[in-house]
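Below is upload.cif, holding mmCIF, C-alpha atoms.
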```cif
data_final
#
loop_
_atom_site.label_atom_id
_atom_site.label_comp_id
_atom_site.auth_asym_id
_atom_site.auth_seq_id
_atom_site.Cartn_x
_atom_site.Cartn_y
_atom_site.Cartn_z
CA MET A 1 90.02 68.99 71.98
CA ASP A 2 89.27 72.61 71.09
CA LYS A 3 92.45 74.67 70.47
CA ASP A 4 91.51 77.30 73.09
CA LEU A 5 90.78 74.60 75.65
CA THR A 6 94.04 72.79 74.92
CA ALA A 7 95.97 76.01 75.46
CA LEU A 8 94.09 76.78 78.68
CA VAL A 9 94.65 73.25 80.05
CA SER A 10 98.34 73.48 79.25
CA TRP A 11 98.67 76.90 80.88
CA ALA A 12 96.71 75.90 84.00
CA ARG A 13 98.85 72.78 84.48
CA SER A 14 102.00 74.87 84.05
CA GLN A 15 100.77 76.99 86.98
CA GLY A 16 100.31 74.06 89.35
CA TRP A 17 96.63 73.45 88.65
CA GLN A 18 95.19 69.98 88.15
CA VAL A 19 93.03 69.29 85.13
CA ARG A 20 91.12 66.04 84.78
CA HIS A 21 88.99 64.65 81.98
CA ASP A 22 86.15 62.61 83.43
CA HIS A 23 84.00 59.82 81.99
CA LYS A 24 81.21 62.33 81.14
CA GLY A 25 83.58 64.16 78.82
CA TYR A 26 83.98 67.14 81.16
CA THR A 27 87.34 68.83 81.54
CA ARG A 28 87.55 69.81 85.21
CA PHE A 29 89.89 72.36 86.72
CA TYR A 30 91.23 72.25 90.31
CA ASP A 31 93.37 74.98 91.86
CA PRO A 32 96.85 74.21 93.30
CA GLU A 33 95.25 73.42 96.69
CA GLY A 34 93.00 70.80 95.04
CA ASN A 35 89.77 72.83 95.22
CA TYR A 36 87.33 72.27 92.39
CA ILE A 37 86.84 75.52 90.43
CA ALA A 38 85.04 74.99 87.12
CA SER A 39 84.55 72.69 84.16
CA TYR A 40 84.12 72.64 80.40
CA PRO A 41 81.67 70.11 78.87
CA ALA A 42 82.55 67.80 75.99
CA THR A 43 79.88 69.37 73.78
CA PRO A 44 78.82 72.78 75.11
CA SER A 45 75.73 74.26 73.46
CA ASN A 46 77.59 77.53 72.94
CA PRO A 47 81.38 76.88 73.04
CA ARG A 48 82.40 80.55 72.88
CA ARG A 49 80.13 81.49 75.78
CA ARG A 50 81.16 78.50 77.87
CA MET A 51 84.83 79.21 77.24
CA ALA A 52 84.33 82.80 78.41
CA ASP A 53 82.60 81.51 81.57
CA LEU A 54 85.50 79.14 82.20
CA LYS A 55 88.23 81.74 81.71
CA VAL A 56 86.48 84.26 83.95
CA ALA A 57 85.98 81.59 86.65
CA LEU A 58 89.60 80.43 86.57
CA LYS A 59 90.94 83.97 86.80
CA ARG A 60 88.55 84.78 89.64
CA ALA A 61 89.92 81.75 91.47
CA GLY A 62 93.47 82.99 91.08
CA LEU A 63 94.84 81.64 87.80
CA GLN A 64 97.18 84.37 86.60
CA VAL A 65 97.29 85.21 82.92
CA PRO A 66 100.19 87.34 81.66
CA PRO A 67 99.80 89.73 78.76
CA PRO A 68 101.04 88.51 75.37
CA SER A 69 104.73 89.07 74.75
CA LYS A 70 105.85 91.76 72.32
CA SER A 71 106.45 89.14 69.61
CA GLU A 72 102.98 87.64 70.19
CA GLN A 73 101.47 91.14 69.97
CA ARG A 74 103.31 91.74 66.67
CA ALA A 75 102.07 88.39 65.31
CA GLN A 76 98.52 89.25 66.38
CA ARG A 77 98.71 92.64 64.63
CA ARG A 78 99.90 90.88 61.46
CA ARG A 79 97.00 88.42 61.66
CA ASP A 80 94.53 91.28 62.21
CA GLY A 81 95.93 93.08 59.17
CA MET B 1 64.71 102.15 75.61
CA ASP B 2 67.82 99.96 75.41
CA GLU B 3 68.14 97.57 72.54
CA THR B 4 67.71 93.90 73.46
CA GLN B 5 71.04 92.10 73.68
CA GLU B 6 72.70 89.14 75.33
CA TRP B 7 73.76 89.45 78.97
CA ALA B 8 75.79 87.33 81.35
CA VAL B 9 74.40 87.55 84.88
CA THR B 10 76.50 86.16 87.73
CA PHE B 11 75.18 85.51 91.23
CA THR B 12 77.68 85.07 94.06
CA PHE B 13 76.88 82.99 97.14
CA ALA B 14 78.89 83.06 100.36
CA GLY B 15 79.27 79.94 102.44
CA ALA B 16 77.70 77.79 99.73
CA LEU B 17 80.87 75.74 99.32
CA ALA B 18 80.34 74.45 102.85
CA GLU B 19 77.30 72.59 101.54
CA PHE B 20 79.53 70.68 99.16
CA PRO B 21 81.18 67.47 100.36
CA ALA B 22 84.69 67.95 101.70
CA ASP B 23 86.01 65.51 99.12
CA ALA B 24 87.07 67.73 96.19
CA SER B 25 86.29 64.98 93.70
CA LYS B 26 82.60 65.29 94.65
CA ASP B 27 82.38 69.09 94.42
CA ASP B 28 82.29 68.93 90.64
CA ARG B 29 79.26 66.64 90.75
CA ALA B 30 77.49 69.07 93.12
CA ALA B 31 78.16 71.87 90.62
CA ASP B 32 76.79 69.72 87.79
CA ALA B 33 73.62 69.08 89.78
CA ILE B 34 73.00 72.81 90.18
CA GLU B 35 73.63 73.46 86.47
CA ASP B 36 71.21 70.69 85.53
CA GLU B 37 68.40 72.44 87.43
CA PHE B 38 68.30 75.28 84.86
CA PRO B 39 66.69 75.23 81.39
CA PRO B 40 69.40 74.58 78.72
CA ASP B 41 68.84 77.90 76.94
CA LEU B 42 70.23 79.77 79.96
CA ASP B 43 73.62 78.04 79.57
CA ALA B 44 74.02 77.98 83.34
CA SER B 45 77.54 77.46 84.61
CA VAL B 46 78.61 77.02 88.22
CA SER B 47 82.10 77.79 89.46
CA ALA B 48 83.83 78.13 92.81
CA ALA B 49 86.14 80.77 94.21
CA PRO B 50 87.65 79.35 97.40
CA PRO B 51 87.56 79.66 100.29
CA ASP B 52 83.79 79.97 100.32
CA ARG B 53 82.33 81.63 97.23
CA LEU B 54 80.19 79.91 94.64
CA MET B 55 79.09 81.61 91.41
CA VAL B 56 76.22 80.83 89.12
CA THR B 57 76.29 82.49 85.68
CA LEU B 58 73.22 82.63 83.43
CA HIS B 59 73.00 83.96 79.87
CA LEU B 60 69.87 85.64 78.56
CA LEU B 61 68.43 88.32 76.33
CA ALA B 62 67.31 91.56 77.98
CA SER B 63 66.84 95.24 77.24
CA GLY B 64 69.35 96.39 79.84
CA ALA B 65 71.24 95.43 82.99
CA PRO B 66 68.29 95.89 85.43
CA ALA B 67 66.00 93.79 83.19
CA ALA B 68 68.71 91.13 82.85
CA VAL B 69 69.11 90.91 86.63
CA ALA B 70 65.35 90.79 87.18
CA THR B 71 64.87 87.96 84.67
CA ALA B 72 67.86 86.03 85.96
CA ASP B 73 66.63 86.47 89.52
CA LYS B 74 63.30 84.84 88.60
CA HIS B 75 65.15 81.84 87.23
CA MET B 76 67.37 81.66 90.29
CA ARG B 77 64.35 81.60 92.59
CA MET B 78 62.80 78.81 90.52
CA HIS B 79 65.83 76.64 89.93
CA CYS B 80 68.69 77.40 92.31
CA PRO B 81 68.83 75.57 95.65
CA LEU B 82 71.52 77.84 97.13
CA ASP B 83 71.17 80.36 99.96
CA GLY B 84 73.52 83.16 101.00
CA GLU B 85 73.49 85.40 97.95
CA VAL B 86 75.91 88.31 98.44
CA ALA B 87 76.27 89.83 94.98
CA VAL B 88 74.83 89.92 91.50
CA GLU B 89 76.43 91.41 88.40
CA ALA B 90 75.14 91.76 84.86
CA VAL B 91 77.52 92.42 81.98
CA THR B 92 76.95 92.31 78.25
CA GLU B 93 78.25 89.26 76.42
CA ALA B 94 80.83 91.48 74.76
CA GLU B 95 82.10 92.69 78.14
CA HIS B 96 82.05 89.13 79.47
CA GLU B 97 84.27 88.00 76.59
CA ARG B 98 86.56 91.00 76.99
CA ARG B 99 87.08 90.08 80.64
CA ALA B 100 87.65 86.44 79.70
CA ASP B 101 90.51 87.41 77.42
CA ALA B 102 92.04 90.17 79.56
CA PRO B 103 95.39 89.40 81.21
CA THR B 104 95.52 89.42 85.01
CA LEU B 105 99.10 90.58 85.14
CA PRO B 106 100.79 93.65 83.72
CA GLU B 107 103.79 93.27 81.46
CA LEU B 108 106.69 92.85 83.87
CA VAL B 109 110.18 94.13 83.15
CA GLY B 110 113.47 93.66 84.98
CA ALA B 111 116.45 95.97 85.18
CA SER B 112 117.80 94.89 81.77
CA GLU B 113 114.53 95.66 80.02
CA VAL B 114 114.22 98.95 81.93
CA ALA B 115 117.73 99.89 80.80
CA THR B 116 116.73 99.20 77.19
CA LEU B 117 113.48 101.15 77.51
CA LEU B 118 115.28 104.16 78.99
CA GLY B 119 118.41 103.89 76.83
CA VAL B 120 120.72 103.71 79.85
CA THR B 121 122.95 101.11 81.47
CA ARG B 122 121.74 98.67 84.13
CA GLN B 123 123.92 100.50 86.66
CA ARG B 124 122.16 103.74 85.79
CA VAL B 125 118.80 102.03 86.35
CA HIS B 126 119.82 101.25 89.91
CA GLN B 127 120.96 104.86 90.39
CA LEU B 128 117.66 106.08 88.99
CA ARG B 129 115.79 104.17 91.70
CA GLU B 130 116.79 107.05 93.98
CA HIS B 131 114.91 109.47 91.70
CA PRO B 132 111.68 110.49 93.50
CA ALA B 133 109.56 109.92 90.40
CA PHE B 134 111.03 106.53 89.52
CA PRO B 135 108.40 103.77 89.83
CA THR B 136 108.49 101.45 92.81
CA PRO B 137 108.96 97.82 91.73
CA LEU B 138 105.86 95.63 91.94
CA VAL B 139 107.92 92.82 93.47
CA GLU B 140 111.51 92.14 94.51
CA VAL B 141 112.77 88.64 93.85
CA ALA B 142 116.23 87.11 94.24
CA MET B 143 117.01 88.03 90.63
CA GLY B 144 116.15 91.65 91.33
CA PRO B 145 113.22 94.05 91.09
CA LEU B 146 110.36 93.73 88.59
CA TRP B 147 108.41 96.75 87.37
CA ASP B 148 105.17 97.31 85.49
CA ALA B 149 106.36 98.20 81.97
CA ARG B 150 103.66 100.89 81.68
CA ALA B 151 105.02 102.67 84.79
CA ILE B 152 108.51 102.69 83.30
CA GLU B 153 107.18 104.00 79.99
CA ALA B 154 105.31 106.76 81.82
CA PHE B 155 108.49 107.66 83.70
CA ALA B 156 110.44 107.71 80.43
CA ARG B 157 107.94 110.16 78.91
CA ALA B 158 108.13 112.56 81.87
CA TRP B 159 111.83 112.21 82.65
CA SER B 160 113.88 115.28 81.73
CA ARG B 161 117.40 114.03 81.20
CA ARG B 162 120.30 116.29 81.92
CA PRO B 163 123.74 115.34 80.63
CA GLY B 164 126.71 115.18 82.97
CA ARG B 165 126.90 114.80 86.72
CA PRO B 166 124.07 116.22 88.85
CA PRO B 167 124.80 119.48 90.69
CA LEU B 168 126.50 118.95 94.03
CA ALA B 169 123.47 120.15 96.03
CA ALA B 170 121.17 117.72 94.24
CA ALA B 171 123.63 114.89 94.69
CA GLN B 172 123.75 115.37 98.45
#
```

Turn this file's structure into structure tokens for me.
Amino acid sequence: MDKDLTALVSWARSQGWQVRHDHKGYTRFYDPEGNYIASYPATPSNPRRRMADLKVALKRAGLQVPPPSKSEQRAQRRRDG
Amino acid sequence: MDETQEWAVTFTFAGALAEFPADASKDDRAADAIEDEFPPDLDASVSAAPPDRLMVTLHLLASGAPAAVATADKHMRMHCPLDGEVAVEAVTEAEHERRADAPTLPELVGASEVATLLGVTRQRVHQLREHPAFPTPLVEVAMGPLWDARAIEAFARAWSRRPGRPPLAAAQ
């Protein structure tokens, strides 16, 4: 599974969301009340675009995303040079 | 004339979720069916925002936001079976990706972190809460108050510290 998707699945589950992988290869996200919100296909035609759609949809449906910690920000600055 | 670039156009429908079966396991298939109606190059994606909002996002090239909405609207009329449109928004792909990666929460700090930021003790932090310019906590939980770090940093920049006890009149 894509690294971004793995991280998003892990975070969503940690926040009480359900994530299921179905027989079509879709990764489907359900909010803590069990409402279907959005999905990510096994082989999206444009992964970056589809991932942006997914993140925007999950946040609109209430998935909270904290800012990176200070140490993560420092690591990011190092990676960016 | 605007340069042609990629846009993400999102249509919002109210009440559309009511058309989906009550069984949540079937809602995803209803969303797939709507996505499948659109030509693949539009990269259509359907998502829900309970209690009753459904969003359809299309991606296309256009010379500006009005042109992007007009083109997307033509596709919606041709391919989308939903009624009850209440909003449409066009953003550039770059803005779409910026929003995708933006946090939804501010950096939260408790009394210990506030003490460190201000260079004072935790007890002093609780005294400072009486200061009229001191930020109001975003939330109060059993562990104590939590503030937006940016509000504390703004307070720290504007705060004129005076050594010693405050004058009697100010203390009263």

Please indicate the distance in Å from CA of Ala94 (chain B) to CA of Cys80 (chain B), rounded to one decimal place.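 Computing the Euclidean distance for CA of Ala94 (chain B) and CA of Cys80 (chain B) yields 25.6 Å.
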
Given the file shown, enumerate the residues that the PyMOL selection byres ((chain A) within 12 of (chain B)) captures and present them as an MDAnalysis selection string. chainID A and resid 4 8 18:22 24 26:41 44:70 73

What is the distance between CA of Thr121 (chain B) and CA of Arg150 (chain B), in Å to one decimal?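 Between these atoms lies a distance of 19.3 Å.
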
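Interatomic distance, CA of Ala133 (chain B) against CA of Gly110 (chain B): 17.6 Å.
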
Per-axis box centre and lengths in Å around region 18-24 of chain A, 3 Å margin per side, axis-aligned, as AutoDock Vina command-line options:
```
--center_x 88.2 --center_y 64.9 --center_z 84.6 --size_x 20.0 --size_y 16.2 --size_z 13.0
```

Output requested as an mmCIF file, in the frame of the given file - region 130-142 of chain B, filled out with N, CA and C atoms.
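Final output, selection35.cif:
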```
data_model
loop_
_atom_site.group_PDB
_atom_site.id
_atom_site.type_symbol
_atom_site.label_atom_id
_atom_site.label_comp_id
_atom_site.auth_asym_id
_atom_site.auth_seq_id
_atom_site.Cartn_x
_atom_site.Cartn_y
_atom_site.Cartn_z
ATOM 1 N N GLU B 130 116.801 106.002 92.958
ATOM 2 C CA GLU B 130 116.790 107.050 93.980
ATOM 3 C C GLU B 130 115.975 108.267 93.536
ATOM 4 N N HIS B 131 115.691 108.341 92.244
ATOM 5 C CA HIS B 131 114.910 109.470 91.700
ATOM 6 C C HIS B 131 113.499 109.398 92.297
ATOM 7 N N PRO B 132 112.988 110.535 92.830
ATOM 8 C CA PRO B 132 111.680 110.490 93.500
ATOM 9 C C PRO B 132 110.530 110.050 92.602
ATOM 10 N N ALA B 133 110.671 110.282 91.295
ATOM 11 C CA ALA B 133 109.560 109.920 90.400
ATOM 12 C C ALA B 133 109.717 108.526 89.798
ATOM 13 N N PHE B 134 110.827 107.846 90.126
ATOM 14 C CA PHE B 134 111.030 106.530 89.520
ATOM 15 C C PHE B 134 110.053 105.520 90.139
ATOM 16 N N PRO B 135 109.428 104.690 89.307
ATOM 17 C CA PRO B 135 108.400 103.770 89.830
ATOM 18 C C PRO B 135 108.966 102.793 90.873
ATOM 19 N N THR B 136 108.146 102.482 91.834
ATOM 20 C CA THR B 136 108.490 101.450 92.810
ATOM 21 C C THR B 136 108.257 100.077 92.163
ATOM 22 N N PRO B 137 109.176 99.139 92.339
ATOM 23 C CA PRO B 137 108.960 97.820 91.730
ATOM 24 C C PRO B 137 107.692 97.156 92.300
ATOM 25 N N LEU B 138 107.041 96.371 91.462
ATOM 26 C CA LEU B 138 105.860 95.630 91.940
ATOM 27 C C LEU B 138 106.289 94.548 92.918
ATOM 28 N N VAL B 139 107.390 93.870 92.590
ATOM 29 C CA VAL B 139 107.920 92.820 93.470
ATOM 30 C C VAL B 139 109.442 92.854 93.407
ATOM 31 N N GLU B 140 110.062 92.325 94.481
ATOM 32 C CA GLU B 140 111.510 92.140 94.510
ATOM 33 C C GLU B 140 111.746 90.657 94.682
ATOM 34 N N VAL B 141 112.432 90.052 93.722
ATOM 35 C CA VAL B 141 112.770 88.640 93.850
ATOM 36 C C VAL B 141 114.284 88.521 93.890
ATOM 37 N N ALA B 142 114.781 87.290 94.094
ATOM 38 C CA ALA B 142 116.230 87.110 94.240
ATOM 39 C C ALA B 142 116.978 87.646 93.022
#
```
